[in-house]
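Below is entry-v5.cif, holding mmCIF, N, CA and C atoms.
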data_start
#
loop_
_atom_site.group_PDB
_atom_site.id
_atom_site.type_symbol
_atom_site.label_atom_id
_atom_site.label_comp_id
_atom_site.auth_asym_id
_atom_site.auth_seq_id
_atom_site.Cartn_x
_atom_site.Cartn_y
_atom_site.Cartn_z
ATOM 1 N N MET P 1 46.029 -2.345 -162.060
ATOM 2 C CA MET P 1 45.735 -1.956 -160.690
ATOM 3 C C MET P 1 46.139 -3.091 -159.758
ATOM 4 N N ALA P 2 46.845 -2.751 -158.720
ATOM 5 C CA ALA P 2 47.279 -3.747 -157.746
ATOM 6 C C ALA P 2 46.088 -4.204 -156.905
ATOM 7 N N ARG P 3 46.230 -5.387 -156.344
ATOM 8 C CA ARG P 3 45.169 -5.879 -155.474
ATOM 9 C C ARG P 3 45.050 -4.979 -154.251
ATOM 10 N N LYS P 4 43.834 -4.794 -153.796
ATOM 11 C CA LYS P 4 43.587 -3.884 -152.670
ATOM 12 C C LYS P 4 44.284 -4.366 -151.409
ATOM 13 N N GLY P 5 44.360 -5.680 -151.229
ATOM 14 C CA GLY P 5 45.006 -6.226 -150.038
ATOM 15 C C GLY P 5 46.482 -5.881 -149.967
ATOM 16 N N LEU P 6 47.154 -5.883 -151.115
ATOM 17 C CA LEU P 6 48.570 -5.541 -151.138
ATOM 18 C C LEU P 6 48.793 -4.075 -150.789
ATOM 19 N N ILE P 7 47.911 -3.230 -151.290
ATOM 20 C CA ILE P 7 48.027 -1.801 -150.997
ATOM 21 C C ILE P 7 47.765 -1.538 -149.521
ATOM 22 N N GLN P 8 46.754 -2.212 -148.952
ATOM 23 C CA GLN P 8 46.457 -2.041 -147.529
ATOM 24 C C GLN P 8 47.592 -2.566 -146.658
ATOM 25 N N ARG P 9 48.210 -3.659 -147.072
ATOM 26 C CA ARG P 9 49.338 -4.213 -146.331
ATOM 27 C C ARG P 9 50.497 -3.229 -146.314
ATOM 28 N N GLU P 10 50.712 -2.570 -147.452
ATOM 29 C CA GLU P 10 51.788 -1.585 -147.528
ATOM 30 C C GLU P 10 51.497 -0.384 -146.634
ATOM 31 N N LYS P 11 50.239 0.044 -146.575
ATOM 32 C CA LYS P 11 49.875 1.159 -145.695
ATOM 33 C C LYS P 11 50.068 0.782 -144.231
ATOM 34 N N LYS P 12 49.767 -0.460 -143.897
ATOM 35 C CA LYS P 12 49.970 -0.936 -142.531
ATOM 36 C C LYS P 12 51.449 -0.931 -142.171
ATOM 37 N N ARG P 13 52.299 -1.342 -143.118
ATOM 38 C CA ARG P 13 53.743 -1.316 -142.891
ATOM 39 C C ARG P 13 54.240 0.113 -142.687
ATOM 40 N N GLN P 14 53.686 1.061 -143.440
ATOM 41 C CA GLN P 14 54.097 2.453 -143.296
ATOM 42 C C GLN P 14 53.736 2.988 -141.916
ATOM 43 N N LYS P 15 52.543 2.617 -141.423
ATOM 44 C CA LYS P 15 52.137 3.055 -140.088
ATOM 45 C C LYS P 15 53.047 2.454 -139.022
ATOM 46 N N LEU P 16 53.356 1.173 -139.147
ATOM 47 C CA LEU P 16 54.237 0.518 -138.184
ATOM 48 C C LEU P 16 55.634 1.134 -138.210
ATOM 49 N N GLU P 17 56.138 1.416 -139.399
ATOM 50 C CA GLU P 17 57.475 2.007 -139.512
ATOM 51 C C GLU P 17 57.495 3.372 -138.849
ATOM 52 N N HIS P 18 56.455 4.149 -139.053
ATOM 53 C CA HIS P 18 56.374 5.475 -138.448
ATOM 54 C C HIS P 18 56.283 5.373 -136.926
ATOM 55 N N LYS P 19 55.565 4.372 -136.438
ATOM 56 C CA LYS P 19 55.365 4.190 -135.001
ATOM 57 C C LYS P 19 56.669 3.823 -134.290
ATOM 58 N N TYR P 20 57.467 2.933 -134.886
ATOM 59 C CA TYR P 20 58.673 2.426 -134.247
ATOM 60 C C TYR P 20 59.953 3.130 -134.718
ATOM 61 N N HIS P 21 59.829 4.164 -135.517
ATOM 62 C CA HIS P 21 60.995 4.836 -136.081
ATOM 63 C C HIS P 21 61.912 5.409 -134.994
ATOM 64 N N LEU P 22 61.340 6.107 -134.034
ATOM 65 C CA LEU P 22 62.153 6.728 -132.990
ATOM 66 C C LEU P 22 62.815 5.692 -132.094
ATOM 67 N N ILE P 23 62.132 4.593 -131.831
ATOM 68 C CA ILE P 23 62.704 3.528 -131.005
ATOM 69 C C ILE P 23 63.917 2.930 -131.706
ATOM 70 N N ARG P 24 63.773 2.631 -132.975
ATOM 71 C CA ARG P 24 64.890 2.066 -133.733
ATOM 72 C C ARG P 24 66.077 3.027 -133.781
ATOM 73 N N ARG P 25 65.795 4.289 -134.021
ATOM 74 C CA ARG P 25 66.873 5.266 -134.109
ATOM 75 C C ARG P 25 67.614 5.400 -132.780
ATOM 76 N N SER P 26 66.870 5.450 -131.677
ATOM 77 C CA SER P 26 67.528 5.591 -130.370
ATOM 78 C C SER P 26 68.366 4.360 -130.043
ATOM 79 N N LEU P 27 67.876 3.158 -130.377
ATOM 80 C CA LEU P 27 68.651 1.952 -130.108
ATOM 81 C C LEU P 27 69.922 1.900 -130.961
ATOM 82 N N LYS P 28 69.834 2.335 -132.203
ATOM 83 C CA LYS P 28 71.019 2.346 -133.061
ATOM 84 C C LYS P 28 72.047 3.368 -132.572
ATOM 85 N N ASN P 29 71.576 4.488 -132.032
ATOM 86 C CA ASN P 29 72.500 5.466 -131.467
ATOM 87 C C ASN P 29 73.190 4.908 -130.223
ATOM 88 N N GLU P 30 72.447 4.142 -129.419
ATOM 89 C CA GLU P 30 73.039 3.512 -128.244
ATOM 90 C C GLU P 30 74.123 2.518 -128.643
ATOM 91 N N ILE P 31 73.894 1.777 -129.718
ATOM 92 C CA ILE P 31 74.886 0.806 -130.185
ATOM 93 C C ILE P 31 76.185 1.518 -130.549
ATOM 94 N N ARG P 32 76.075 2.689 -131.168
ATOM 95 C CA ARG P 32 77.276 3.434 -131.541
ATOM 96 C C ARG P 32 78.056 3.923 -130.325
ATOM 97 N N LYS P 33 77.326 4.278 -129.265
ATOM 98 C CA LYS P 33 77.971 4.849 -128.085
ATOM 99 C C LYS P 33 78.615 3.791 -127.188
ATOM 100 N N VAL P 34 78.012 2.611 -127.112
ATOM 101 C CA VAL P 34 78.486 1.574 -126.190
ATOM 102 C C VAL P 34 79.752 0.931 -126.744
ATOM 103 N N THR P 35 80.694 0.649 -125.855
ATOM 104 C CA THR P 35 81.948 0.040 -126.300
ATOM 105 C C THR P 35 82.030 -1.446 -125.976
ATOM 106 N N SER P 36 81.388 -1.900 -124.898
ATOM 107 C CA SER P 36 81.503 -3.322 -124.537
ATOM 108 C C SER P 36 80.619 -4.182 -125.435
ATOM 109 N N LEU P 37 81.123 -5.331 -125.761
ATOM 110 C CA LEU P 37 80.435 -6.223 -126.688
ATOM 111 C C LEU P 37 79.162 -6.802 -126.083
ATOM 112 N N SER P 38 79.188 -7.127 -124.800
ATOM 113 C CA SER P 38 77.998 -7.708 -124.159
ATOM 114 C C SER P 38 76.842 -6.713 -124.124
ATOM 115 N N ASP P 39 77.161 -5.433 -123.899
ATOM 116 C CA ASP P 39 76.107 -4.415 -123.915
ATOM 117 C C ASP P 39 75.529 -4.244 -125.317
ATOM 118 N N LYS P 40 76.399 -4.340 -126.321
ATOM 119 C CA LYS P 40 75.914 -4.241 -127.697
ATOM 120 C C LYS P 40 74.961 -5.372 -128.029
ATOM 121 N N TRP P 41 75.268 -6.581 -127.561
ATOM 122 C CA TRP P 41 74.384 -7.713 -127.820
ATOM 123 C C TRP P 41 73.027 -7.515 -127.167
ATOM 124 N N GLU P 42 73.007 -6.939 -125.982
ATOM 125 C CA GLU P 42 71.733 -6.658 -125.309
ATOM 126 C C GLU P 42 70.904 -5.654 -126.111
ATOM 127 N N ILE P 43 71.564 -4.650 -126.621
ATOM 128 C CA ILE P 43 70.844 -3.640 -127.419
ATOM 129 C C ILE P 43 70.361 -4.253 -128.728
ATOM 130 N N TYR P 44 71.161 -5.147 -129.318
ATOM 131 C CA TYR P 44 70.723 -5.831 -130.542
ATOM 132 C C TYR P 44 69.471 -6.664 -130.277
ATOM 133 N N ARG P 45 69.405 -7.301 -129.124
ATOM 134 C CA ARG P 45 68.193 -8.068 -128.776
ATOM 135 C C ARG P 45 66.983 -7.153 -128.657
ATOM 136 N N LYS P 46 67.182 -5.979 -128.064
ATOM 137 C CA LYS P 46 66.083 -5.011 -127.972
ATOM 138 C C LYS P 46 65.667 -4.528 -129.354
ATOM 139 N N LEU P 47 66.655 -4.393 -130.235
ATOM 140 C CA LEU P 47 66.370 -3.929 -131.590
ATOM 141 C C LEU P 47 65.563 -4.956 -132.371
ATOM 142 N N GLN P 48 65.676 -6.218 -132.014
ATOM 143 C CA GLN P 48 64.912 -7.265 -132.699
ATOM 144 C C GLN P 48 63.497 -7.416 -132.153
ATOM 145 N N SER P 49 63.177 -6.782 -131.036
ATOM 146 C CA SER P 49 61.861 -6.958 -130.416
ATOM 147 C C SER P 49 60.703 -6.291 -131.168
ATOM 148 N N PRO P 50 60.885 -5.138 -131.852
ATOM 149 C CA PRO P 50 59.745 -4.580 -132.608
ATOM 150 C C PRO P 50 59.320 -5.519 -133.741
ATOM 151 N N PRO P 51 58.099 -5.354 -134.243
ATOM 152 C CA PRO P 51 57.636 -6.217 -135.341
ATOM 153 C C PRO P 51 58.518 -6.098 -136.576
ATOM 154 N N ARG P 52 58.606 -7.177 -137.323
ATOM 155 C CA ARG P 52 59.439 -7.166 -138.527
ATOM 156 C C ARG P 52 58.929 -6.180 -139.562
ATOM 157 N N ASN P 53 57.632 -6.036 -139.661
ATOM 158 C CA ASN P 53 57.079 -5.125 -140.663
ATOM 159 C C ASN P 53 57.307 -3.662 -140.322
ATOM 160 N N SER P 54 57.878 -3.387 -139.158
ATOM 161 C CA SER P 54 58.175 -2.001 -138.813
ATOM 162 C C SER P 54 59.545 -1.582 -139.321
ATOM 163 N N ALA P 55 60.288 -2.491 -139.928
ATOM 164 C CA ALA P 55 61.603 -2.155 -140.470
ATOM 165 C C ALA P 55 61.443 -1.349 -141.756
ATOM 166 N N PRO P 56 62.233 -0.304 -141.937
ATOM 167 C CA PRO P 56 62.080 0.521 -143.149
ATOM 168 C C PRO P 56 62.462 -0.208 -144.430
ATOM 169 N N THR P 57 63.251 -1.271 -144.342
ATOM 170 C CA THR P 57 63.612 -2.001 -145.556
ATOM 171 C C THR P 57 62.453 -2.811 -146.102
ATOM 172 N N ARG P 58 61.426 -3.013 -145.313
ATOM 173 C CA ARG P 58 60.260 -3.765 -145.784
ATOM 174 C C ARG P 58 59.298 -2.908 -146.595
ATOM 175 N N LEU P 59 59.475 -1.606 -146.566
ATOM 176 C CA LEU P 59 58.574 -0.722 -147.314
ATOM 177 C C LEU P 59 58.860 -0.815 -148.804
ATOM 178 N N ARG P 60 57.813 -0.668 -149.578
ATOM 179 C CA ARG P 60 57.930 -0.728 -151.030
ATOM 180 C C ARG P 60 57.301 0.528 -151.603
ATOM 181 N N ARG P 61 57.998 1.212 -152.480
ATOM 182 C CA ARG P 61 57.443 2.411 -153.101
ATOM 183 C C ARG P 61 56.471 1.983 -154.183
ATOM 184 N N ARG P 62 55.262 2.506 -154.152
ATOM 185 C CA ARG P 62 54.239 2.136 -155.121
ATOM 186 C C ARG P 62 53.717 3.370 -155.850
ATOM 187 N N CYS P 63 53.213 3.140 -157.045
ATOM 188 C CA CYS P 63 52.574 4.203 -157.826
ATOM 189 C C CYS P 63 51.296 4.611 -157.091
ATOM 190 N N PHE P 64 51.117 5.913 -156.870
ATOM 191 C CA PHE P 64 49.932 6.325 -156.119
ATOM 192 C C PHE P 64 48.667 6.250 -156.960
ATOM 193 N N ALA P 65 48.787 6.190 -158.268
ATOM 194 C CA ALA P 65 47.609 6.109 -159.130
ATOM 195 C C ALA P 65 47.146 4.672 -159.326
ATOM 196 N N THR P 66 48.104 3.760 -159.554
ATOM 197 C CA THR P 66 47.726 2.380 -159.867
ATOM 198 C C THR P 66 48.127 1.385 -158.795
ATOM 199 N N GLY P 67 49.077 1.738 -157.934
ATOM 200 C CA GLY P 67 49.560 0.811 -156.927
ATOM 201 C C GLY P 67 50.619 -0.137 -157.434
ATOM 202 N N ARG P 68 51.126 0.107 -158.628
ATOM 203 C CA ARG P 68 52.136 -0.770 -159.219
ATOM 204 C C ARG P 68 53.440 -0.653 -158.443
ATOM 205 N N PRO P 69 54.057 -1.800 -158.063
ATOM 206 C CA PRO P 69 55.249 -1.742 -157.221
ATOM 207 C C PRO P 69 56.557 -1.559 -157.969
ATOM 208 N N ARG P 70 56.564 -1.656 -159.287
ATOM 209 C CA ARG P 70 57.826 -1.597 -160.026
ATOM 210 C C ARG P 70 57.861 -0.414 -160.972
ATOM 211 N N ALA P 71 59.071 -0.047 -161.364
ATOM 212 C CA ALA P 71 59.320 1.034 -162.331
ATOM 213 C C ALA P 71 58.705 2.350 -161.869
ATOM 214 N N ASN P 72 58.961 2.722 -160.607
ATOM 215 C CA ASN P 72 58.435 3.972 -160.075
ATOM 216 C C ASN P 72 59.477 5.078 -160.144
ATOM 217 N N TYR P 73 59.000 6.272 -160.442
ATOM 218 C CA TYR P 73 59.843 7.449 -160.451
ATOM 219 C C TYR P 73 59.586 8.226 -159.163
ATOM 220 N N ARG P 74 60.643 8.436 -158.377
ATOM 221 C CA ARG P 74 60.493 9.091 -157.086
ATOM 222 C C ARG P 74 59.977 10.518 -157.219
ATOM 223 N N ASP P 75 60.430 11.225 -158.231
ATOM 224 C CA ASP P 75 60.052 12.631 -158.373
ATOM 225 C C ASP P 75 58.548 12.811 -158.548
ATOM 226 N N PHE P 76 57.910 11.869 -159.210
ATOM 227 C CA PHE P 76 56.491 11.998 -159.510
ATOM 228 C C PHE P 76 55.615 11.073 -158.679
ATOM 229 N N GLY P 77 56.171 9.986 -158.161
ATOM 230 C CA GLY P 77 55.378 9.014 -157.427
ATOM 231 C C GLY P 77 54.511 8.173 -158.350
ATOM 232 N N LEU P 78 54.918 8.075 -159.609
ATOM 233 C CA LEU P 78 54.144 7.352 -160.614
ATOM 234 C C LEU P 78 54.985 6.237 -161.217
ATOM 235 N N SER P 79 54.300 5.217 -161.722
ATOM 236 C CA SER P 79 55.013 4.185 -162.460
ATOM 237 C C SER P 79 55.334 4.723 -163.859
ATOM 238 N N GLY P 80 56.271 4.061 -164.519
ATOM 239 C CA GLY P 80 56.715 4.534 -165.826
ATOM 240 C C GLY P 80 55.595 4.578 -166.847
ATOM 241 N N HIS P 81 54.706 3.582 -166.800
ATOM 242 C CA HIS P 81 53.607 3.526 -167.762
ATOM 243 C C HIS P 81 52.652 4.708 -167.567
ATOM 244 N N ARG P 82 52.270 4.951 -166.315
ATOM 245 C CA ARG P 82 51.345 6.045 -166.025
ATOM 246 C C ARG P 82 52.010 7.407 -166.285
ATOM 247 N N LEU P 83 53.296 7.496 -165.984
ATOM 248 C CA LEU P 83 54.025 8.730 -166.231
ATOM 249 C C LEU P 83 54.037 9.058 -167.723
ATOM 250 N N CYS P 84 54.292 8.054 -168.551
ATOM 251 C CA CYS P 84 54.315 8.254 -170.000
ATOM 252 C C CYS P 84 52.951 8.727 -170.507
ATOM 253 N N GLU P 85 51.882 8.115 -170.001
ATOM 254 C CA GLU P 85 50.539 8.523 -170.413
ATOM 255 C C GLU P 85 50.253 9.971 -170.040
ATOM 256 N N MET P 86 50.638 10.354 -168.810
ATOM 257 C CA MET P 86 50.360 11.710 -168.354
ATOM 258 C C MET P 86 51.193 12.749 -169.109
ATOM 259 N N VAL P 87 52.418 12.397 -169.473
ATOM 260 C CA VAL P 87 53.249 13.315 -170.240
ATOM 261 C C VAL P 87 52.670 13.495 -171.638
ATOM 262 N N HIS P 88 52.206 12.417 -172.247
ATOM 263 C CA HIS P 88 51.639 12.498 -173.594
ATOM 264 C C HIS P 88 50.356 13.320 -173.633
ATOM 265 N N THR P 89 49.599 13.307 -172.540
ATOM 266 C CA THR P 89 48.368 14.096 -172.501
ATOM 267 C C THR P 89 48.594 15.480 -171.890
ATOM 268 N N CYS P 90 49.869 15.847 -171.651
ATOM 269 C CA CYS P 90 50.251 17.167 -171.138
ATOM 270 C C CYS P 90 49.663 17.467 -169.761
ATOM 271 N N LEU P 91 49.599 16.458 -168.905
ATOM 272 C CA LEU P 91 49.089 16.656 -167.552
ATOM 273 C C LEU P 91 50.204 16.968 -166.553
ATOM 274 N N LEU P 92 51.451 16.769 -166.950
ATOM 275 C CA LEU P 92 52.580 17.091 -166.080
ATOM 276 C C LEU P 92 53.339 18.274 -166.673
ATOM 277 N N PRO P 93 53.211 19.456 -166.072
ATOM 278 C CA PRO P 93 53.886 20.631 -166.632
ATOM 279 C C PRO P 93 55.401 20.534 -166.457
ATOM 280 N N GLY P 94 56.115 20.993 -167.453
ATOM 281 C CA GLY P 94 57.567 21.036 -167.401
ATOM 282 C C GLY P 94 58.246 19.766 -167.875
ATOM 283 N N THR P 95 57.495 18.763 -168.252
ATOM 284 C CA THR P 95 58.097 17.527 -168.766
ATOM 285 C C THR P 95 57.890 17.467 -170.275
ATOM 286 N N THR P 96 58.825 16.829 -170.928
ATOM 287 C CA THR P 96 58.711 16.699 -172.387
ATOM 288 C C THR P 96 58.793 15.223 -172.766
ATOM 289 N N ARG P 97 58.221 14.915 -173.889
ATOM 290 C CA ARG P 97 58.283 13.547 -174.410
ATOM 291 C C ARG P 97 59.664 13.281 -174.936
ATOM 292 N N SER P 98 60.112 12.069 -174.746
ATOM 293 C CA SER P 98 61.420 11.730 -175.298
ATOM 294 C C SER P 98 61.247 11.349 -176.768
ATOM 295 N N SER P 99 62.237 11.725 -177.564
ATOM 296 C CA SER P 99 62.214 11.371 -178.979
ATOM 297 C C SER P 99 63.622 11.085 -179.421
ATOM 298 N N TRP P 100 63.821 9.944 -180.016
ATOM 299 C CA TRP P 100 65.132 9.600 -180.555
ATOM 300 C C TRP P 100 64.997 8.768 -181.800
#
File written out as structure tokens:
Amino acid sequence: MARKGLIQREKKRQKLEHKYHLIRRSLKNEIRKVTSLSDKWEIYRKLQSPPRNSAPTRLRRRCFATGRPRANYRDFGLSGHRLCEMVHTCLLPGTTRSSW
């Protein structure tokens, strides 16, 4: 289980990203439309003004059951370890155990 503080920090980043998403998108669209270099630099400065934690690259996908930040499967939202346990106990319909 991940530390509670790390999970709360990630939730805070998700809220910030959601809050500033439209601002970032509109500024990036303006950069594409503008042709002069000086205007682009002004828009880049505006793009740097939101908090750093509002950037989508700062988000980390975590297992919703354990909060583990690594080895996550997007389809299930689970880490590999938890996914394997749930498949073995037949809690995920339509999945099969691997055997080789």
Can you list what the PyMOL selection byres ((chain P and resi 5-17) around 6.5) grabs from this structure, as a list in words? Ala2, Arg3, Lys4, His18, Lys19, Tyr20, His21, Asn53, Ser54, Ala55, Pro56, Leu59 and Arg60 of chain P
Residues from the last selection, N, CA and C atoms, saved as a CSV table (one decimal), in the frame of the given file:
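As a result, out_29.csv now contains:
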chain,number,residue,atom,x,y,z
P,2,ALA,N,46.8,-2.8,-158.7
P,2,ALA,CA,47.3,-3.7,-157.7
P,2,ALA,C,46.1,-4.2,-156.9
P,3,ARG,N,46.2,-5.4,-156.3
P,3,ARG,CA,45.2,-5.9,-155.5
P,3,ARG,C,45.0,-5.0,-154.3
P,4,LYS,N,43.8,-4.8,-153.8
P,4,LYS,CA,43.6,-3.9,-152.7
P,4,LYS,C,44.3,-4.4,-151.4
P,18,HIS,N,56.5,4.1,-139.1
P,18,HIS,CA,56.4,5.5,-138.4
P,18,HIS,C,56.3,5.4,-136.9
P,19,LYS,N,55.6,4.4,-136.4
P,19,LYS,CA,55.4,4.2,-135.0
P,19,LYS,C,56.7,3.8,-134.3
P,20,TYR,N,57.5,2.9,-134.9
P,20,TYR,CA,58.7,2.4,-134.2
P,20,TYR,C,60.0,3.1,-134.7
P,21,HIS,N,59.8,4.2,-135.5
P,21,HIS,CA,61.0,4.8,-136.1
P,21,HIS,C,61.9,5.4,-135.0
P,53,ASN,N,57.6,-6.0,-139.7
P,53,ASN,CA,57.1,-5.1,-140.7
P,53,ASN,C,57.3,-3.7,-140.3
P,54,SER,N,57.9,-3.4,-139.2
P,54,SER,CA,58.2,-2.0,-138.8
P,54,SER,C,59.5,-1.6,-139.3
P,55,ALA,N,60.3,-2.5,-139.9
P,55,ALA,CA,61.6,-2.2,-140.5
P,55,ALA,C,61.4,-1.3,-141.8
P,56,PRO,N,62.2,-0.3,-141.9
P,56,PRO,CA,62.1,0.5,-143.1
P,56,PRO,C,62.5,-0.2,-144.4
P,59,LEU,N,59.5,-1.6,-146.6
P,59,LEU,CA,58.6,-0.7,-147.3
P,59,LEU,C,58.9,-0.8,-148.8
P,60,ARG,N,57.8,-0.7,-149.6
P,60,ARG,CA,57.9,-0.7,-151.0
P,60,ARG,C,57.3,0.5,-151.6
Mind pulling up the distance from CA of Thr57 in chain P to atom N of Ile23 in chain P?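 Taking atom N of Ile23 in chain P as the start and CA of Thr57 in chain P as the end point, the length is 15.3 Å.
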Between CA of Pro51 in chain P and CA of Arg25 in chain P - distance in Å to one decimal: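 Those two atoms sit 14.8 Å apart.
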Can you list, as a list in words, every residue of chain P that DSSP puts in strand (DSSP E)?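 Strand (DSSP E) members of chain P, listed: Asn72, Tyr73, Leu78 and Ser79 of chain P.
Interatomic distance, CA of Phe76 in chain P to atom C of Arg97 in chain P: 15.8 Å.
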